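K.L.:
Next comes data05.txt, compact mmCIF, C-alpha atoms:
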```txt
# COMPACT_ATOMS: atom_id res chain seq x y z
CA MET J 1424 0.00 0.00 0.00
CA ALA J 1425 1.41 3.41 -0.93
CA LEU J 1426 1.90 5.61 2.08
CA GLY J 1427 0.60 9.17 1.98
CA LEU J 1428 3.40 11.14 3.56
CA MET J 1429 3.85 14.89 3.79
CA VAL J 1430 7.01 16.34 5.29
CA TYR J 1431 6.98 20.01 6.28
CA PRO J 1432 8.86 22.34 8.61
CA GLU J 1433 7.29 23.54 11.84
CA PRO J 1434 10.39 25.20 13.33
CA PRO J 1435 12.25 24.00 15.27
CA PHE J 1436 10.64 20.72 14.24
CA THR J 1437 10.07 18.80 11.04
CA VAL J 1438 6.67 17.16 10.81
CA LEU J 1439 6.11 13.87 9.03
CA GLN J 1440 2.38 13.65 8.48
CA ILE J 1441 1.21 10.15 7.65
CA ASP J 1442 -1.96 9.41 5.72
CA GLY J 1443 -2.88 5.73 5.56
CA ASP J 1444 -2.04 2.47 7.29
CA LEU J 1445 1.39 2.17 8.88
CA GLU J 1446 2.32 -1.49 8.50
CA MET J 1447 4.67 -3.82 6.65
CA SER J 1448 3.83 -2.55 3.16
CA SER J 1449 4.15 1.15 3.98
CA VAL J 1450 6.95 1.14 6.55
CA PRO J 1451 9.86 1.18 4.03
CA GLY J 1452 8.73 4.58 2.68
CA PHE J 1453 8.30 5.92 6.19
CA ARG J 1454 11.76 4.72 7.26
CA GLN J 1455 13.30 6.35 4.19
CA ALA J 1456 11.56 9.67 4.95
CA ILE J 1457 13.09 9.64 8.45
CA VAL J 1458 16.54 8.85 7.05
CA ASP J 1459 16.20 11.63 4.45
CA SER J 1460 15.09 14.19 7.06
CA ILE J 1461 17.97 13.38 9.39
CA ASP J 1462 20.46 13.36 6.51
CA ASP J 1463 19.18 16.85 5.66
CA GLY J 1464 19.97 17.95 9.21
CA ASP J 1465 16.36 17.92 10.40
CA THR J 1466 16.80 15.87 13.53
CA ASN J 1467 13.89 17.10 15.66
CA LEU J 1468 11.01 15.13 14.20
CA VAL J 1469 7.30 14.96 14.94
CA VAL J 1470 5.37 12.06 13.43
CA ASP J 1471 1.74 13.09 13.02
CA LEU J 1472 -0.53 10.05 12.99
CA SER J 1473 -3.77 12.10 12.80
CA GLY J 1474 -4.46 10.75 9.30
CA THR J 1475 -3.67 7.15 10.25
CA ASP J 1476 -6.40 4.67 11.11
CA PHE J 1477 -4.23 1.61 11.45
CA ILE J 1478 -0.82 0.86 12.91
CA ASP J 1479 0.57 -2.50 13.95
CA SER J 1480 3.79 -3.72 15.56
CA THR J 1481 5.75 -3.20 12.33
CA GLY J 1482 4.68 0.46 12.29
CA LEU J 1483 5.45 0.83 15.99
CA GLY J 1484 8.86 -0.77 15.37
CA ALA J 1485 9.58 1.78 12.65
CA LEU J 1486 8.78 4.57 15.12
CA ILE J 1487 11.23 3.02 17.61
CA GLY J 1488 13.88 2.83 14.88
CA GLY J 1489 13.18 6.46 13.98
CA LEU J 1490 13.51 7.57 17.59
CA LYS J 1491 16.82 5.75 17.90
CA ARG J 1492 18.13 7.32 14.70
CA ALA J 1493 16.96 10.82 15.69
CA ARG J 1494 18.52 10.56 19.16
CA SER J 1495 21.77 9.26 17.69
CA ALA J 1496 21.86 12.44 15.60
CA GLY J 1497 21.25 14.55 18.71
CA GLY J 1498 17.58 15.08 18.01
CA SER J 1499 14.18 13.73 19.00
CA LEU J 1500 11.10 12.02 17.62
CA ASP J 1501 7.75 12.83 19.18
CA VAL J 1502 4.35 11.47 18.15
CA VAL J 1503 1.04 13.24 17.58
CA CYS J 1504 -1.87 10.84 17.91
CA ALA J 1505 -5.42 11.72 18.89
CA GLN J 1506 -7.31 8.50 18.16
CA PRO J 1507 -8.01 6.61 21.40
CA ARG J 1508 -7.60 3.26 19.61
CA LEU J 1509 -4.07 4.09 18.48
CA ARG J 1510 -3.14 5.62 21.84
CA GLU J 1511 -4.32 2.41 23.49
CA LEU J 1512 -1.90 0.47 21.31
CA PHE J 1513 1.01 2.58 22.58
CA LYS J 1514 -0.17 1.87 26.13
CA LEU J 1515 -0.56 -1.89 25.60
CA THR J 1516 3.01 -2.10 24.36
CA ASP J 1517 4.43 0.29 27.01
CA LEU J 1518 5.50 2.61 24.22
CA ASP J 1519 3.59 5.45 25.88
CA LYS J 1520 6.59 5.42 28.25
CA VAL J 1521 9.07 5.56 25.37
CA PHE J 1522 7.51 8.29 23.20
CA SER J 1523 6.33 11.78 24.02
CA LEU J 1524 2.70 11.42 22.83
CA HIS J 1525 0.50 14.42 22.08
CA LYS J 1526 -3.09 14.71 20.92
CA SER J 1527 -2.41 17.51 18.43
CA LEU J 1528 0.42 19.51 16.94
CA ALA J 1529 -0.77 22.51 18.96
CA GLU J 1530 -0.52 20.46 22.16
CA HIS J 1531 2.97 19.36 21.15
CA VAL J 1532 4.06 22.97 20.51
CA ALA J 1533 2.61 24.09 23.86
CA HIS J 1534 4.34 21.23 25.67
CA MET J 1535 7.70 22.02 24.08
CA ALA J 1536 7.36 25.71 24.96
CA GLU J 1537 6.62 24.72 28.56
CA VAL J 1538 9.56 22.32 28.95
CA SER J 1539 12.01 24.75 27.35
CA GLN J 1540 11.23 27.46 29.90
CA MET Q 92 0.18 -14.64 -8.85
CA THR Q 93 -3.45 -14.73 -7.81
CA THR Q 94 -5.31 -14.54 -4.54
CA ASP Q 95 -7.95 -17.21 -3.96
CA VAL Q 96 -11.03 -16.44 -1.96
CA SER Q 97 -13.66 -19.03 -1.12
CA ILE Q 98 -16.82 -18.53 0.89
CA ASN Q 99 -18.82 -21.34 2.50
CA THR Q 100 -22.42 -20.84 3.49
CA THR Q 101 -24.82 -22.71 5.75
CA LYS Q 102 -28.03 -24.38 4.53
CA ASP Q 103 -29.81 -21.14 5.41
CA GLY Q 104 -27.48 -19.15 3.20
CA ASP Q 105 -25.54 -17.54 6.04
CA ILE Q 106 -21.82 -17.16 5.52
CA ASP Q 107 -19.94 -19.29 8.02
CA GLU Q 108 -16.44 -19.54 6.58
CA VAL Q 109 -14.21 -17.39 4.42
CA LYS Q 110 -10.88 -18.71 3.15
CA LEU Q 111 -8.14 -16.63 1.59
CA GLU Q 112 -4.88 -17.74 0.05
CA ILE Q 113 -2.50 -14.86 -0.54
CA PRO Q 114 0.97 -14.48 -1.99
CA ALA Q 115 3.56 -13.81 0.72
CA ARG Q 116 3.77 -10.12 -0.09
CA PRO Q 117 3.12 -7.14 2.22
CA GLU Q 118 0.69 -5.46 -0.19
CA PHE Q 119 -1.83 -8.23 0.54
CA LEU Q 120 -2.00 -7.43 4.28
CA SER Q 121 -4.64 -4.78 3.83
CA LEU Q 122 -6.81 -7.22 1.84
CA VAL Q 123 -6.58 -9.77 4.66
CA ARG Q 124 -7.62 -7.20 7.26
CA THR Q 125 -10.53 -6.05 5.12
CA VAL Q 126 -11.83 -9.57 4.47
CA VAL Q 127 -11.53 -10.63 8.12
CA ALA Q 128 -13.31 -7.48 9.34
CA ALA Q 129 -16.04 -8.04 6.73
CA ALA Q 130 -16.42 -11.64 7.90
CA ALA Q 131 -16.76 -10.45 11.52
CA ASN Q 132 -19.38 -7.93 10.47
CA ILE Q 133 -21.55 -10.72 9.05
CA GLU Q 134 -22.36 -11.44 12.68
CA SER Q 135 -23.26 -7.95 13.84
CA ASP Q 136 -22.89 -8.56 17.57
CA PHE Q 137 -19.16 -7.96 17.66
CA ARG Q 138 -18.27 -4.64 19.21
CA ASP Q 139 -16.47 -2.33 16.78
CA ASP Q 140 -13.44 -2.09 19.03
CA ARG Q 141 -13.18 -5.89 19.17
CA VAL Q 142 -13.25 -6.11 15.37
CA GLU Q 143 -10.46 -3.55 15.39
CA ASP Q 144 -8.53 -5.70 17.90
CA LEU Q 145 -8.98 -8.65 15.56
CA ARG Q 146 -7.76 -6.64 12.55
CA ILE Q 147 -4.54 -5.83 14.40
CA ALA Q 148 -4.03 -9.39 15.69
CA VAL Q 149 -4.62 -10.85 12.21
CA SER Q 150 -2.28 -8.29 10.68
CA GLU Q 151 0.41 -9.37 13.15
CA ALA Q 152 -0.06 -13.07 12.37
CA THR Q 153 -0.08 -12.46 8.61
CA THR Q 154 2.96 -10.18 8.78
CA ASN Q 155 4.88 -12.92 10.60
CA ALA Q 156 3.71 -15.47 8.01
CA ILE Q 157 4.84 -13.26 5.11
CA GLU Q 158 8.22 -12.73 6.78
CA ALA Q 159 8.58 -16.49 7.38
CA HIS Q 160 8.09 -17.21 3.66
CA GLN Q 161 10.30 -14.32 2.55
CA LEU Q 162 13.07 -15.46 4.88
CA ILE Q 163 13.53 -18.69 2.94
CA GLY Q 164 12.43 -17.38 -0.47
CA LEU Q 165 9.29 -19.50 -0.44
CA ASP Q 166 6.74 -18.76 -3.18
CA ASN Q 167 3.92 -20.75 -1.57
CA ARG Q 168 0.84 -18.88 -0.52
CA ILE Q 169 -0.31 -18.13 3.00
CA SER Q 170 -3.66 -19.42 4.13
CA VAL Q 171 -6.09 -17.33 6.18
CA ARG Q 172 -9.39 -18.87 7.26
CA ALA Q 173 -12.13 -17.08 9.19
CA ARG Q 174 -15.00 -19.05 10.76
CA VAL Q 175 -17.96 -17.04 11.96
CA SER Q 176 -20.64 -18.25 14.36
CA ASP Q 177 -23.20 -16.74 16.69
CA GLU Q 178 -20.68 -16.76 19.48
CA SER Q 179 -17.30 -16.02 17.95
CA ILE Q 180 -15.04 -15.48 15.00
CA GLU Q 181 -12.02 -17.75 14.73
CA VAL Q 182 -9.22 -16.82 12.37
CA VAL Q 183 -6.44 -19.27 11.51
CA VAL Q 184 -3.32 -18.04 9.69
CA ARG Q 185 -1.03 -20.75 8.39
CA ASP Q 186 2.38 -20.48 6.76
CA GLN Q 187 4.92 -23.01 5.52
CA GLY Q 188 8.02 -21.26 6.79
CA LYS Q 189 10.73 -22.72 8.99
CA GLY Q 190 8.90 -21.96 12.22
CA PHE Q 191 10.40 -20.46 15.35
CA ASP Q 192 11.24 -21.45 18.90
CA ARG Q 193 9.57 -19.06 21.27
CA SER Q 194 12.06 -19.76 24.04
CA GLU Q 195 14.79 -18.36 21.81
CA LEU Q 196 13.11 -14.97 21.36
CA GLU Q 197 14.98 -12.20 23.11
CA GLN Q 198 13.45 -10.64 26.20
CA MET Q 199 12.17 -7.10 25.60
CA PRO Q 200 14.01 -4.54 27.78
CA GLU Q 201 12.02 -2.31 30.12
CA PRO Q 202 10.55 0.78 28.41
CA ASP Q 203 12.81 3.16 30.36
CA SER Q 204 15.97 1.24 29.42
CA PRO Q 205 18.15 2.86 26.74
CA ASP Q 206 18.45 -0.63 25.28
CA ARG Q 207 14.70 -0.59 24.47
CA LEU Q 208 15.42 1.37 21.28
CA ASN Q 209 17.49 -1.54 19.98
CA PHE Q 210 14.35 -3.68 19.70
CA GLU Q 211 12.19 -2.72 16.73
CA ASN Q 212 10.64 -6.18 16.52
CA GLY Q 213 9.09 -8.44 19.09
CA LEU Q 214 5.75 -6.79 19.84
CA GLY Q 215 3.66 -8.83 17.41
CA ILE Q 216 3.12 -11.91 19.58
CA THR Q 217 2.39 -9.74 22.61
CA LEU Q 218 -0.26 -7.83 20.67
CA MET Q 219 -1.88 -11.01 19.30
CA GLU Q 220 -2.13 -12.49 22.78
CA THR Q 221 -3.35 -9.27 24.36
CA LEU Q 222 -5.93 -8.32 21.74
CA ALA Q 223 -7.55 -11.70 21.02
CA ASP Q 224 -9.84 -13.43 23.52
CA GLU Q 225 -8.05 -16.67 22.71
CA SER Q 226 -4.79 -17.20 20.85
CA ASP Q 227 -2.71 -20.27 20.09
CA ILE Q 228 0.56 -20.36 18.23
CA SER Q 229 1.98 -23.67 17.12
CA SER Q 230 5.23 -23.75 15.23
CA THR Q 231 7.31 -26.57 13.78
CA ASP Q 232 10.08 -26.63 11.20
CA GLU Q 233 7.36 -27.12 8.58
CA GLY Q 234 5.41 -23.98 9.38
CA THR Q 235 3.50 -21.94 11.89
CA THR Q 236 -0.22 -21.86 12.62
CA VAL Q 237 -1.80 -19.02 14.58
CA ARG Q 238 -5.37 -19.27 15.85
CA LEU Q 239 -7.13 -16.12 17.06
CA VAL Q 240 -10.63 -15.94 18.51
CA ILE Q 241 -12.86 -13.01 19.38
CA TYR Q 242 -16.21 -13.62 21.11
CA THR Q 243 -19.43 -11.73 20.60
CA ARG Q 244 -20.56 -9.67 23.58
CA GLN Q 245 -23.05 -12.18 25.02
CA PHE Q 246 -20.44 -14.95 25.12
CA LEU Q 247 -17.78 -12.92 26.91
```
Can you give me the file's structure in the form of structure tokens?

P.N.:
Amino acid sequence: MALGLMVYPEPPFTVLQIDGDLEMSSVPGFRQAIVDSIDDGDTNLVVDLSGTDFIDSTGLGALIGGLKRARSAGGSLDVVCAQPRLRELFKLTDLDKVFSLHKSLAEHVAHMAEVSQ
Amino acid sequence: MTTDVSINTTKDGDIDEVKLEIPARPEFLSLVRTVVAAAANIESDFRDDRVEDLRIAVSEATTNAIEAHQLIGLDNRISVRARVSDESIEVVVRDQGKGFDRSELEQMPEPDSPDRLNFENGLGITLMETLADESDISSTDEGTTVRLVIYTRQFL
């Protein structure tokens, strides 16, 4: 399945907005987008799952790989996810303790402003 | 390469079994999820969130099956069978890969451990077992069979 993916700057972050299912067929494109962003020097990433209805362990694994890569480059990878079903999946796998999860980009921006003070 | 779909019905014309045989390729995952969810919706007493749980669990089982075939370059198709009744839906995913020994799977580090980021894989079995009401995984060196069951609300 082709992954709808839009990458845009939201300084000081780069947002990767995903549209579609994040699973085995779409993960290679997602991984490549993370690699490309970091290679371009954009190491503070936000993955926006607002347009995603489905994610499984392969998609979650790709997020873990992305977080590792971003941190290795001195950056971060946060996740925007509003859907209760998807948030539940992060909780079931304890990944809510690994990722900084936000319900919207605005909430993410507000959180980052707060922690940087 | 084709995908085979067969549908069995009862004497009354109700659908009670859907069988799919898919090539071991990731682009067929979405088809499997769609067919299984449609089969569950034949019996309308499944809660929507339970059908969603089943979609994820079946996706995990089918992903593992596809990987098992790809690992050894096997062209054979993967079988997915969904049986629907008044009380449950049972999905069986069967591959012909080399199987795996669960005792040899690495232990997942704690979420706050820096080592956690070194483990991209390993959540699939946990999710299958957590999301399905019943799950069985049997694996030999001739293949792996995963059975997943979700019950309708009155049988829970």

K.L.:
Find the spatial neighbours of Q:Glu112, counting only C-alpha atoms, within a cut-off of 9 Å - ignore same-chain residues fewer than 2 positions away - and output them as a PDB file with C-alpha atoms, in the coordinates of the input.

P.N.:
```pdb
ATOM      1  CA  THR Q  93      -3.450 -14.730  -7.810  1.00  0.00           C
ATOM      2  CA  THR Q  94      -5.310 -14.540  -4.540  1.00  0.00           C
ATOM      3  CA  ASP Q  95      -7.950 -17.210  -3.960  1.00  0.00           C
ATOM      4  CA  VAL Q  96     -11.030 -16.440  -1.960  1.00  0.00           C
ATOM      5  CA  SER Q  97     -13.660 -19.030  -1.120  1.00  0.00           C
ATOM      6  CA  LYS Q 110     -10.880 -18.710   3.150  1.00  0.00           C
ATOM      7  CA  PRO Q 114       0.970 -14.480  -1.990  1.00  0.00           C
ATOM      8  CA  ARG Q 168       0.840 -18.880  -0.520  1.00  0.00           C
ATOM      9  CA  ILE Q 169      -0.310 -18.130   3.000  1.00  0.00           C
ATOM     10  CA  SER Q 170      -3.660 -19.420   4.130  1.00  0.00           C
ATOM     11  CA  VAL Q 171      -6.090 -17.330   6.180  1.00  0.00           C
ATOM     12  CA  ARG Q 172      -9.390 -18.870   7.260  1.00  0.00           C
TER      13      ARG Q 172
END
```

K.L.:
Compute the set of chain J residues within 9 Å of chain Q, using all atoms listed in the file, and express it as JSON, numbers by chain.

P.N.:
{"J": [1424, 1425, 1444, 1446, 1447, 1448, 1449, 1477, 1478, 1479, 1480, 1481, 1483, 1484, 1485, 1486, 1487, 1488, 1490, 1491, 1508, 1512, 1515, 1516, 1517, 1518, 1519, 1520, 1521]}

K.L.:
Interatomic distance between atom CA of J:Ile1441 and atom CA of Q:Ala130?

P.N.:
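Distance between the two atoms: 28.0 Å.
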
K.L.:
At a cut-off of 9 Å around the point (7.9, -20.9, 2.9) (file coordinates), what residues fall inside when counting all atoms listed in the file? I'd like the answer as a list in words.

P.N.:
Ala115, Ala156, Ile157, Ala159, His160, Gln161, Leu162, Ile163, Gly164, Leu165, Asp166, Asn167, Arg168, Ile169, Asp186, Gln187, Gly188, Lys189, Glu233 and Gly234 of chain Q

K.L.:
Could you tell me how far atom CA of J:Pro1432 sits from atom CA of J:Ile1461, in Å to one decimal place?

P.N.:
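Distance reported for this atom pair: 12.8 Å.
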
K.L.:
Expressed in Å to a single decimal, how great is the separation between atom CA of Q:Ala128 and atom CA of J:Gly1452?

P.N.:
26.0 Å

K.L.:
Please provide as a short mmCIF file (atom, residue, chain, number, x, y, z; two decimals) with C-alpha atoms, in the coordinates of the input all residues within 10 Å of stretch 102-106 of chain Q, with the sequence filter that same-chain residues fewer than 6 positions apart are discarded (counting only C-alpha atoms).

P.N.:
```
data_model
loop_
_atom_site.label_atom_id
_atom_site.label_comp_id
_atom_site.auth_asym_id
_atom_site.auth_seq_id
_atom_site.Cartn_x
_atom_site.Cartn_y
_atom_site.Cartn_z
CA ALA Q 130 -16.42 -11.64 7.90
CA ILE Q 133 -21.55 -10.72 9.05
CA GLU Q 134 -22.36 -11.44 12.68
CA ARG Q 174 -15.00 -19.05 10.76
CA VAL Q 175 -17.96 -17.04 11.96
CA SER Q 176 -20.64 -18.25 14.36
#
```

K.L.:
Which of these, J:Gly1497, J:Gly1489, J:Pro1507, J:Gly1474, has the shortest distance to J:Phe1522 once you count all atoms listed in the file?

P.N.:
J:Gly1489

K.L.:
Rank nothing, just name the residue among Q:Ile180, Q:Glu225, Q:Ala173, Q:Val123 nearest to Q:Asp136, using only C-alpha atoms.

P.N.:
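Closest candidate: Q:Ile180.
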
K.L.:
Determine the nearest neighbour of Q:Thr125 from the options Q:Val184, Q:Ile241, Q:Leu111, Q:Ala223, counting only C-alpha atoms.

P.N.:
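Among the listed residues, Q:Leu111 lies closest to Q:Thr125.
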
K.L.:
Padding 4 Å on every side, please: axis-aligned box over the listed atoms of stretch 105-122 of chain Q, centre and edge lengths to one decimal in Å, as AutoDock Vina command-line options.

P.N.:
```
--center_x -10.9 --center_y -12.2 --center_z 3.0 --size_x 37.3 --size_y 22.8 --size_z 18.0
```

K.L.:
Nearest to J:Val1450: which of J:Thr1437, J:Asp1471, J:His1534, J:Gly1427 is it, counting all atoms listed in the file?

P.N.:
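So, comparing all the options, the nearest one is J:Gly1427.
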